[in-house]
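Scroll down for the structure; my scribbles are underneath it.
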Amino acid sequence: MTFNLVAKPGTKLSDVKIISTHPTAYAQCRGWLADNLAKHSHIPATSTAAAAVALLEGESTAQAAIAAKSITSHYKLTVLAKNIGDNKNAQTRFIEIGLADAPAPRTGRDKTSVIVELPDDRPGGLLEMLEQFAARGVNLSRIESRPLGDQLGRYRFNIDAQGHIEDQALAEALMGLHRFSPKVVFLGSYPRADRGKSQHRGNNSNKEFVDAESWLKQLRKGR
């Protein structure tokens with residue numbers, strides 16, 4: 001994501017003493033700010049867009065805001081500096097939350113998000129949770145822990161896994177999580193932003209799952 005320093009028309013860079021923006025955007029621009037506005041102050045905002053709009057509406061004591069470069073397509077703001085982010089390859093992730101519904105159709109280039117609560121605090125608990133994915137060749141792209149808040153040592157994990165709920169490997173991993181944890185929240189399956197192909201390592205393709213299930217059915221029939 002590209003960040004620009006914007007202000008009301010007529011504002012110069014030398015006028016800027018206070019900058020408003022979201023804390024995450026501010027952290028991603030600290031290098032440029034240290035080199036160019038070393039004595040500035042920062043006012044946190046709920047979003048980069050809110051910080052920019054507040055300049056025009058007179059609701060901010062800041063003289064400038066850090067916002068996405070697209071902000072000037074929607075509001076009459078002056079760009080004081082372009083592309084001020086420290087990491088030129090930085091990406092920002094946005095999540096749209098809605099009511100429960102059927103997952104988006106499988107594309108083969110998908111990601112699935114879940115929240116898993118550890119059932120208790122014991123050695124190997126986290127390993128057992130992760131084994132539900134590893135045993136089925138499902139790669140994880142993100143895992144973050146959050147305390148439950150009811151007592152020490154109790155956590156839930158926000159997890160992004162490669163694949164779709166219609167992938168047999170991921171479906172079996174979800175069933176394993178359901179057996180393992182009393183509380184699993186399925187947030188959804190959706191196309192990956194990087195459009196990378198979702199492949200499950202080992203013999204974990206849908207075809208191999210179907211073949212294995214057919215083989216088991218034959219065994220149960222005594223064939």
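We label chains A, B, ... in the order they appear in the structure tokens, count residues from 1 in each chain, and number ligands from 1 in the order shown.
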Task: Residues within 8 Å of region 155-162 of chain A, only C-alpha atoms, excluding chain neighbours under 3 positions, as a VMD selection string - done: chain A and resid 110 to 118 138 to 148 198 to 199
Please save C-alpha atoms of the selected residues as an mmCIF file, in the first residue's frame.
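Written output follows (again_35.cif):
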```cif
data_model
loop_
_atom_site.group_PDB
_atom_site.id
_atom_site.type_symbol
_atom_site.label_atom_id
_atom_site.label_comp_id
_atom_site.auth_asym_id
_atom_site.auth_seq_id
_atom_site.Cartn_x
_atom_site.Cartn_y
_atom_site.Cartn_z
ATOM 1 C CA ASP A 110 -8.258 -19.976 -2.048
ATOM 2 C CA LYS A 111 -7.726 -19.270 1.619
ATOM 3 C CA THR A 112 -9.770 -20.224 4.686
ATOM 4 C CA SER A 113 -9.882 -18.380 8.005
ATOM 5 C CA VAL A 114 -10.847 -19.908 11.360
ATOM 6 C CA ILE A 115 -10.626 -19.107 15.052
ATOM 7 C CA VAL A 116 -9.660 -22.025 17.275
ATOM 8 C CA GLU A 117 -9.751 -22.078 21.070
ATOM 9 C CA LEU A 118 -7.326 -24.320 22.920
ATOM 10 C CA VAL A 138 -2.433 -27.918 4.639
ATOM 11 C CA ASN A 139 -0.120 -24.902 4.731
ATOM 12 C CA LEU A 140 -0.796 -22.021 7.129
ATOM 13 C CA SER A 141 -0.114 -18.443 6.021
ATOM 14 C CA ARG A 142 -0.989 -16.760 9.329
ATOM 15 C CA ILE A 143 -1.445 -17.697 12.983
ATOM 16 C CA GLU A 144 -1.977 -15.157 15.770
ATOM 17 C CA SER A 145 -2.758 -15.799 19.426
ATOM 18 C CA ARG A 146 -5.244 -13.807 21.480
ATOM 19 C CA PRO A 147 -5.917 -14.307 25.215
ATOM 20 C CA LEU A 148 -9.434 -15.378 26.138
ATOM 21 C CA SER A 198 -3.543 -23.654 -3.200
ATOM 22 C CA GLN A 199 -1.920 -27.075 -3.124
#
```
Please identify all polymer residues within 12 Å of Leu99 (chain A), counting only C-alpha atoms, omitting same-chain residues fewer than 4 positions from it, and present them as an mmCIF file with C-alpha atoms, in the first residue's frame.
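What landed in selection-v7.cif:
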```cif
data_model
loop_
_atom_site.group_PDB
_atom_site.id
_atom_site.type_symbol
_atom_site.label_atom_id
_atom_site.label_comp_id
_atom_site.auth_asym_id
_atom_site.auth_seq_id
_atom_site.Cartn_x
_atom_site.Cartn_y
_atom_site.Cartn_z
ATOM 1 C CA PRO A 103 -18.700 -19.807 1.236
ATOM 2 C CA LEU A 187 -14.895 -17.283 9.202
ATOM 3 C CA GLY A 188 -15.031 -18.295 5.551
#
```
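Compared by their closest atoms to Val79 (chain A), and using only C-alpha atoms, the residues A:Ala51, A:Leu33, A:Val6, A:Ala102 rank with A:Val6 nearest.
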TODO: Could you give me the residues within region 52-146 of chain A that DSSP places in helix (DSSP H, G or I), as an MDAnalysis selection string?
DONE: chainID A and resid 52:56 69:73 125:134
